[in-house]
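Undergrad: Below is the file input.pdb, which contains PDB, C-alpha atoms and all ligand atoms.
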```pdb
ATOM      1  CA  MET A 673      11.454  10.895  11.192
ATOM      2  CA  ASN A 674      12.010   8.357  13.966
ATOM      3  CA  ALA A 675      15.706   7.364  14.120
ATOM      4  CA  LEU A 676      14.960   3.641  13.988
ATOM      5  CA  ASP A 677      12.652   3.994  10.979
ATOM      6  CA  LEU A 678      15.283   6.074   9.227
ATOM      7  CA  LEU A 679      18.015   3.488   9.792
ATOM      8  CA  LYS A 680      15.713   0.660   8.707
ATOM      9  CA  GLU A 681      14.772   2.532   5.555
ATOM     10  CA  GLN A 682      18.457   2.981   4.742
ATOM     11  CA  HIS A 683      19.111  -0.723   5.390
ATOM     12  CA  GLU A 684      16.353  -1.594   2.924
ATOM     13  CA  GLU A 685      17.634   0.767   0.287
ATOM     14  CA  VAL A 686      21.096  -0.788   0.383
ATOM     15  CA  SER A 687      19.627  -4.275   0.308
ATOM     16  CA  LYS A 688      17.725  -3.367  -2.883
ATOM     17  CA  LEU A 689      20.915  -2.039  -4.469
ATOM     18  CA  PHE A 690      22.766  -5.271  -3.659
ATOM     19  CA  LYS A 691      19.959  -7.223  -5.331
ATOM     20  CA  LYS A 692      20.187  -5.011  -8.402
ATOM     21  CA  PHE A 693      23.932  -5.546  -8.492
ATOM     22  CA  GLU A 694      23.531  -9.310  -8.445
ATOM     23  CA  LYS A 695      21.190  -9.189 -11.431
ATOM     24  CA  LEU A 696      23.678  -7.372 -13.663
ATOM     25  CA  ASP A 697      25.569  -9.552 -16.056
ATOM     26  CA  ASP A 698      29.316  -9.904 -15.978
ATOM     27  CA  GLY A 699      29.898  -7.733 -19.007
ATOM     28  CA  ALA A 700      28.158  -4.663 -17.577
ATOM     29  CA  SER A 701      31.305  -3.166 -16.021
ATOM     30  CA  ALA A 702      30.174   0.467 -15.983
ATOM     31  CA  GLU A 703      26.843  -0.382 -14.366
ATOM     32  CA  ARG A 704      28.517  -2.649 -11.855
ATOM     33  CA  ARG A 705      30.973   0.051 -10.830
ATOM     34  CA  GLU A 706      28.144   2.608 -10.644
ATOM     35  CA  LEU A 707      26.040   0.420  -8.369
ATOM     36  CA  PHE A 708      29.002  -0.379  -6.167
ATOM     37  CA  ILE A 709      29.652   3.379  -5.800
ATOM     38  CA  MET A 710      26.013   3.953  -4.820
ATOM     39  CA  ILE A 711      26.233   1.184  -2.230
ATOM     40  CA  ALA A 712      29.597   2.409  -0.914
ATOM     41  CA  ASP A 713      28.391   6.018  -0.533
ATOM     42  CA  ARG A 714      25.215   4.973   1.265
ATOM     43  CA  LEU A 715      26.977   2.550   3.586
ATOM     44  CA  SER A 716      29.656   5.133   4.385
ATOM     45  CA  ALA A 717      27.206   7.908   5.210
ATOM     46  CA  HIS A 718      25.037   5.440   7.145
ATOM     47  CA  ALA A 719      28.013   4.256   9.224
ATOM     48  CA  THR A 720      29.016   7.847   9.930
ATOM     49  CA  ILE A 721      25.621   8.932  11.252
ATOM     50  CA  GLU A 722      25.430   5.812  13.387
ATOM     51  CA  GLU A 723      28.907   6.334  14.787
ATOM     52  CA  GLN A 724      28.579  10.062  15.373
ATOM     53  CA  TYR A 725      24.967  10.361  16.536
ATOM     54  CA  PHE A 726      23.177   7.078  17.023
ATOM     55  CA  TYR A 727      25.601   4.982  19.047
ATOM     56  CA  PRO A 728      26.665   7.773  21.436
ATOM     57  CA  SER A 729      22.980   8.557  22.099
ATOM     58  CA  ILE A 730      22.048   4.976  22.968
ATOM     59  CA  LYS A 731      25.123   3.833  24.855
ATOM     60  CA  THR A 732      24.256   2.515  28.314
ATOM     61  CA  ASP A 733      25.814  -0.222  30.430
ATOM     62  CA  LYS A 734      23.322  -2.630  28.895
ATOM     63  CA  SER A 735      23.832  -1.675  25.261
ATOM     64  CA  GLU A 736      27.561  -1.060  25.315
ATOM     65  CA  ALA A 737      28.602  -4.593  24.321
ATOM     66  CA  LEU A 738      26.251  -4.567  21.320
ATOM     67  CA  VAL A 739      27.426  -1.102  20.292
ATOM     68  CA  ARG A 740      31.068  -2.174  20.446
ATOM     69  CA  GLU A 741      30.241  -5.225  18.351
ATOM     70  CA  ALA A 742      28.452  -3.026  15.831
ATOM     71  CA  LEU A 743      31.487  -0.763  15.590
ATOM     72  CA  GLU A 744      33.750  -3.742  14.908
ATOM     73  CA  GLU A 745      31.337  -4.865  12.199
ATOM     74  CA  HIS A 746      31.466  -1.395  10.660
ATOM     75  CA  LEU A 747      35.241  -1.719  10.566
ATOM     76  CA  GLY A 748      34.955  -4.987   8.642
ATOM     77  CA  VAL A 749      32.506  -3.446   6.173
ATOM     78  CA  LYS A 750      34.777  -0.434   5.676
ATOM     79  CA  ARG A 751      37.730  -2.697   4.903
ATOM     80  CA  PHE A 752      35.749  -4.459   2.175
ATOM     81  CA  ILE A 753      34.644  -1.119   0.744
ATOM     82  CA  ALA A 754      38.233   0.184   0.778
ATOM     83  CA  ASP A 755      39.424  -2.947  -1.067
ATOM     84  CA  LEU A 756      36.642  -2.669  -3.638
ATOM     85  CA  LEU A 757      37.349   1.021  -4.268
ATOM     86  CA  ASP A 758      40.785  -0.070  -5.488
ATOM     87  CA  MET A 759      39.454  -2.822  -7.738
ATOM     88  CA  ALA A 760      38.060  -2.726 -11.262
ATOM     89  CA  PRO A 761      34.701  -4.474 -11.641
ATOM     90  CA  THR A 762      36.439  -6.757 -14.127
ATOM     91  CA  ASP A 763      38.826  -7.997 -11.420
ATOM     92  CA  GLU A 764      38.288 -11.714 -10.908
ATOM     93  CA  ASN A 765      37.784 -11.174  -7.157
ATOM     94  CA  PHE A 766      35.375  -8.243  -7.409
ATOM     95  CA  ASP A 767      32.188 -10.331  -7.260
ATOM     96  CA  ALA A 768      33.452 -12.508  -4.442
ATOM     97  CA  LYS A 769      34.286  -9.453  -2.378
ATOM     98  CA  MET A 770      30.922  -7.820  -3.149
ATOM     99  CA  LYS A 771      29.206 -10.998  -2.033
ATOM    100  CA  VAL A 772      31.068 -11.106   1.269
ATOM    101  CA  LEU A 773      30.402  -7.380   1.771
ATOM    102  CA  LYS A 774      26.693  -8.057   1.269
ATOM    103  CA  GLU A 775      26.749 -10.950   3.749
ATOM    104  CA  ASN A 776      28.551  -8.815   6.327
ATOM    105  CA  VAL A 777      26.060  -5.983   5.896
ATOM    106  CA  GLU A 778      23.123  -8.401   6.180
ATOM    107  CA  HIS A 779      24.498  -9.854   9.399
ATOM    108  CA  HIS A 780      25.067  -6.389  10.851
ATOM    109  CA  VAL A 781      21.586  -5.213   9.866
ATOM    110  CA  GLU A 782      19.998  -8.292  11.395
ATOM    111  CA  GLU A 783      21.783  -7.786  14.705
ATOM    112  CA  GLU A 784      20.866  -4.116  14.811
ATOM    113  CA  GLU A 785      17.225  -4.610  13.934
ATOM    114  CA  GLU A 786      16.662  -7.674  16.093
ATOM    115  CA  GLU A 787      18.853  -7.037  19.130
ATOM    116  CA  LEU A 788      19.909  -3.415  19.329
ATOM    117  CA  PHE A 789      16.780  -1.570  18.148
ATOM    118  CA  PRO A 790      14.422  -3.290  20.633
ATOM    119  CA  MET A 791      16.849  -2.277  23.381
ATOM    120  CA  VAL A 792      16.954   1.299  22.059
ATOM    121  CA  ARG A 793      13.166   1.542  22.414
ATOM    122  CA  ARG A 794      13.695   1.101  26.138
ATOM    123  CA  ILE A 795      16.523   3.654  26.277
ATOM    124  CA  LEU A 796      15.048   6.563  24.278
ATOM    125  CA  ASN A 797      11.473   7.795  24.226
ATOM    126  CA  ASP A 798       9.532   8.751  21.085
ATOM    127  CA  ASP A 799      10.488  12.418  21.269
ATOM    128  CA  GLN A 800      14.150  11.595  21.620
ATOM    129  CA  LEU A 801      13.986   9.107  18.737
ATOM    130  CA  LEU A 802      12.275  11.697  16.598
ATOM    131  CA  ALA A 803      14.812  14.439  17.350
ATOM    132  CA  LEU A 804      17.669  12.037  16.702
ATOM    133  CA  GLY A 805      16.095  10.904  13.434
ATOM    134  CA  VAL A 806      15.733  14.477  12.198
ATOM    135  CA  GLN A 807      19.355  15.217  13.029
ATOM    136  CA  MET A 808      20.664  12.018  11.423
ATOM    137  CA  LYS A 809      18.602  12.458   8.271
ATOM    138  CA  ALA A 810      19.926  15.984   7.768
ATOM    139  CA  GLU A 811      23.489  14.837   8.349
ATOM    140  CA  PHE A 812      23.067  11.873   5.980
ATOM    141  CA  GLU A 813      21.826  14.167   3.229
ATOM    142  CA  GLU A 814      24.763  16.534   3.721
ATOM    143  CA  LEU A 815      27.232  13.648   3.637
ATOM    144  CA  MET A 816      25.703  12.278   0.440
ATOM    145  CA  LYS A 817      26.678  15.487  -1.354
ATOM    146  CA  THR A 818      30.358  14.806  -0.621
ATOM    147  CA  GLU A 819      31.109  11.307  -2.065
ATOM    148  CA  PRO A 820      31.420   9.912   1.477
ATOM    149  CA  ARG A 821      33.030   6.678   0.229
ATOM    150  CA  ASN A 822      36.285   8.592  -0.134
ATOM    151  CA  GLU A 823      36.570   8.856   3.669
ATOM    152  CA  VAL A 824      36.395   5.095   4.131
ATOM    153  CA  PRO A 825      40.016   4.164   3.327
ATOM    154  CA  MET A 826      41.136   6.477   6.168
ATOM    155  CA  GLN A 827      38.892   4.614   8.627
ATOM    156  CA  THR A 828      40.188   1.062   8.244
ATOM    157  CA  ASP A 829      42.856   0.886  10.958
ATOM    158  CA  GLU A 830      40.576   0.469  13.931
ATOM    159  CA  ALA A 831      36.944   0.690  14.912
ATOM    160  CA  ALA A 832      35.481   4.156  15.455
ATOM    161  CA  PRO A 833      35.536   5.229  19.119
ATOM    162  CA  ILE A 834      32.427   5.293  21.216
TER     163      ILE A 834
HETATM  164 FE    FE A 901      25.458   0.002  11.616
END
```
Show how you would write the structure in this file as structure tokens.
Ligand SMILES: [Fe+2]
TA:
Amino acid sequence: MNALDLLKEQHEEVSKLFKKFEKLDDGASAERRELFIMIADRLSAHATIEEQYFYPSIKTDKSEALVREALEEHLGVKRFIADLLDMAPTDENFDAKMKVLKENVEHHVEEEEEELFPMVRRILNDDQLLALGVQMKAEFEELMKTEPRNEVPMQTDEAAPI
């Protein structure tokens, strides 16, 4: 699978989960926690494959500023996830933090899809995008077997290196 299609598909999946979360009523604590965990695992594994495979593969003088910005945005997202992992869904700030997490993710996704991905199409050819997509998909699936959210609290000091 093409790397950009893979990342877009993962963006959409998380966006659907956020929508599901927002439809749950306040009393549904177990379901709310469960959906948050699903979101946190997917965002964590997604950030890891981007940081370890995608960004290093697309870094050029032209893209470097956008990649660095993306890494800082990942850091922000990870900090929200780390906070939420420590909170019960009944906490009075849980929903507010989920909402801001969602807004941060949406902003990041928009910048990637509208600014970075078009640039990537000029940096990598179809074969390279395909090979990268295959590698990232395999790595994502491996990570998803390991509750990747648990790595997030160790990654909140500074942005991942490029
Ligand atoms: Fe990202």
Undergrad: Determine, counting only C-alpha atoms, which protein, DNA and RNA residues have an atom within 12 Å of an atom of Ile834 (chain A); residues of the same chain fewer than 5 positions away are not included. Present the result as a VMD selection string.
TA: chain A and resid 722 to 732 735 to 744
Undergrad: Convert the output of the PyMOL selection byres (((chain A and resi 683) around 9) and not hetatm) on the shown file into explicit residues, formatted as a PyMOL selection string.
TA: chain A and resi 678-682+684-688+715+718+777-778+781
Undergrad: Using all atoms listed in the file, which of A:Lys809, A:His746, A:Arg751, A:Arg794 sits nearest ligand FE 901 (chain A)?
TA: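 Looking only at the distances to ligand FE 901 (chain A), the closest residue turns out to be A:His746.
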Undergrad: Enumerate, as a PDB file with C-alpha atoms, in the frame of the given file, the residues matched when the PyMOL selection byres (((chain A and resi 712) around 12) and not hetatm) is run on the file above.
TA:
```
ATOM      1  CA  VAL A 686      21.096  -0.788   0.383  1.00  0.00           C
ATOM      2  CA  LEU A 689      20.915  -2.039  -4.469  1.00  0.00           C
ATOM      3  CA  PHE A 690      22.766  -5.271  -3.659  1.00  0.00           C
ATOM      4  CA  ARG A 705      30.973   0.051 -10.830  1.00  0.00           C
ATOM      5  CA  GLU A 706      28.144   2.608 -10.644  1.00  0.00           C
ATOM      6  CA  LEU A 707      26.040   0.420  -8.369  1.00  0.00           C
ATOM      7  CA  PHE A 708      29.002  -0.379  -6.167  1.00  0.00           C
ATOM      8  CA  ILE A 709      29.652   3.379  -5.800  1.00  0.00           C
ATOM      9  CA  MET A 710      26.013   3.953  -4.820  1.00  0.00           C
ATOM     10  CA  ILE A 711      26.233   1.184  -2.230  1.00  0.00           C
ATOM     11  CA  ASP A 713      28.391   6.018  -0.533  1.00  0.00           C
ATOM     12  CA  ARG A 714      25.215   4.973   1.265  1.00  0.00           C
ATOM     13  CA  LEU A 715      26.977   2.550   3.586  1.00  0.00           C
ATOM     14  CA  SER A 716      29.656   5.133   4.385  1.00  0.00           C
ATOM     15  CA  ALA A 717      27.206   7.908   5.210  1.00  0.00           C
ATOM     16  CA  HIS A 718      25.037   5.440   7.145  1.00  0.00           C
ATOM     17  CA  ALA A 719      28.013   4.256   9.224  1.00  0.00           C
ATOM     18  CA  VAL A 749      32.506  -3.446   6.173  1.00  0.00           C
ATOM     19  CA  LYS A 750      34.777  -0.434   5.676  1.00  0.00           C
ATOM     20  CA  ARG A 751      37.730  -2.697   4.903  1.00  0.00           C
ATOM     21  CA  PHE A 752      35.749  -4.459   2.175  1.00  0.00           C
ATOM     22  CA  ILE A 753      34.644  -1.119   0.744  1.00  0.00           C
ATOM     23  CA  ALA A 754      38.233   0.184   0.778  1.00  0.00           C
ATOM     24  CA  ASP A 755      39.424  -2.947  -1.067  1.00  0.00           C
ATOM     25  CA  LEU A 756      36.642  -2.669  -3.638  1.00  0.00           C
ATOM     26  CA  LEU A 757      37.349   1.021  -4.268  1.00  0.00           C
ATOM     27  CA  MET A 770      30.922  -7.820  -3.149  1.00  0.00           C
ATOM     28  CA  LEU A 773      30.402  -7.380   1.771  1.00  0.00           C
ATOM     29  CA  LYS A 774      26.693  -8.057   1.269  1.00  0.00           C
ATOM     30  CA  VAL A 777      26.060  -5.983   5.896  1.00  0.00           C
ATOM     31  CA  MET A 816      25.703  12.278   0.440  1.00  0.00           C
ATOM     32  CA  GLU A 819      31.109  11.307  -2.065  1.00  0.00           C
ATOM     33  CA  PRO A 820      31.420   9.912   1.477  1.00  0.00           C
ATOM     34  CA  ARG A 821      33.030   6.678   0.229  1.00  0.00           C
ATOM     35  CA  ASN A 822      36.285   8.592  -0.134  1.00  0.00           C
ATOM     36  CA  GLU A 823      36.570   8.856   3.669  1.00  0.00           C
ATOM     37  CA  VAL A 824      36.395   5.095   4.131  1.00  0.00           C
ATOM     38  CA  PRO A 825      40.016   4.164   3.327  1.00  0.00           C
TER      39      PRO A 825
END
```
Undergrad: Which one is closest to ligand FE 901 (chain A): A:Asn674, A:Asn797, A:Asn776, A:Thr818? Count all atoms listed in the file.
TA: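 Comparing A:Asn674, A:Asn797, A:Asn776, A:Thr818 against ligand FE 901 (chain A), the winner is A:Asn776.
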Undergrad: Please report, as AutoDock Vina command-line options, the centre and edge lengths in Å to one decimal of an axis-aligned box covering all listed atoms of region 812-819 of chain A with 4 Å per side.
TA:
```
--center_x 26.5 --center_y 13.9 --center_z 2.0 --size_x 17.3 --size_y 13.2 --size_z 16.0
```
Undergrad: Please indicate the distance in Å from CA of Gln827 (chain A) to CA of Leu802 (chain A), rounded to one decimal place.
TA: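 Between these atoms lies a distance of 28.7 Å.
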Undergrad: For a quick check of understanding, using all atoms listed in the file, which of A:Glu813, A:Glu785, A:Glu694, A:Asp677 has the smallest distance to ligand FE 901 (chain A)?
TA: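 Of A:Glu813, A:Glu785, A:Glu694, A:Asp677, the one nearest ligand FE 901 (chain A), counting all atoms listed in the file, is A:Glu785.
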Undergrad: Here is a test: counting all atoms listed in the file, which residue of A:Pro761, A:Pro790, A:Gly805, A:Gly748 is nearest to ligand FE 901 (chain A)?
TA: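 Residue with the minimum atom-to-atom distance to ligand FE 901 (chain A): A:Gly748.
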Undergrad: Could you check how far CA of Thr762 (chain A) sits from CA of Ser701 (chain A), in Å to one decimal?
TA: 6.5 Å
Undergrad: What is the distance, in Å and to one decimal place, between CA of Glu764 (chain A) and CA of Glu782 (chain A)?
TA: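 For CA of Glu764 (chain A) relative to CA of Glu782 (chain A), the distance reads 29.0 Å.
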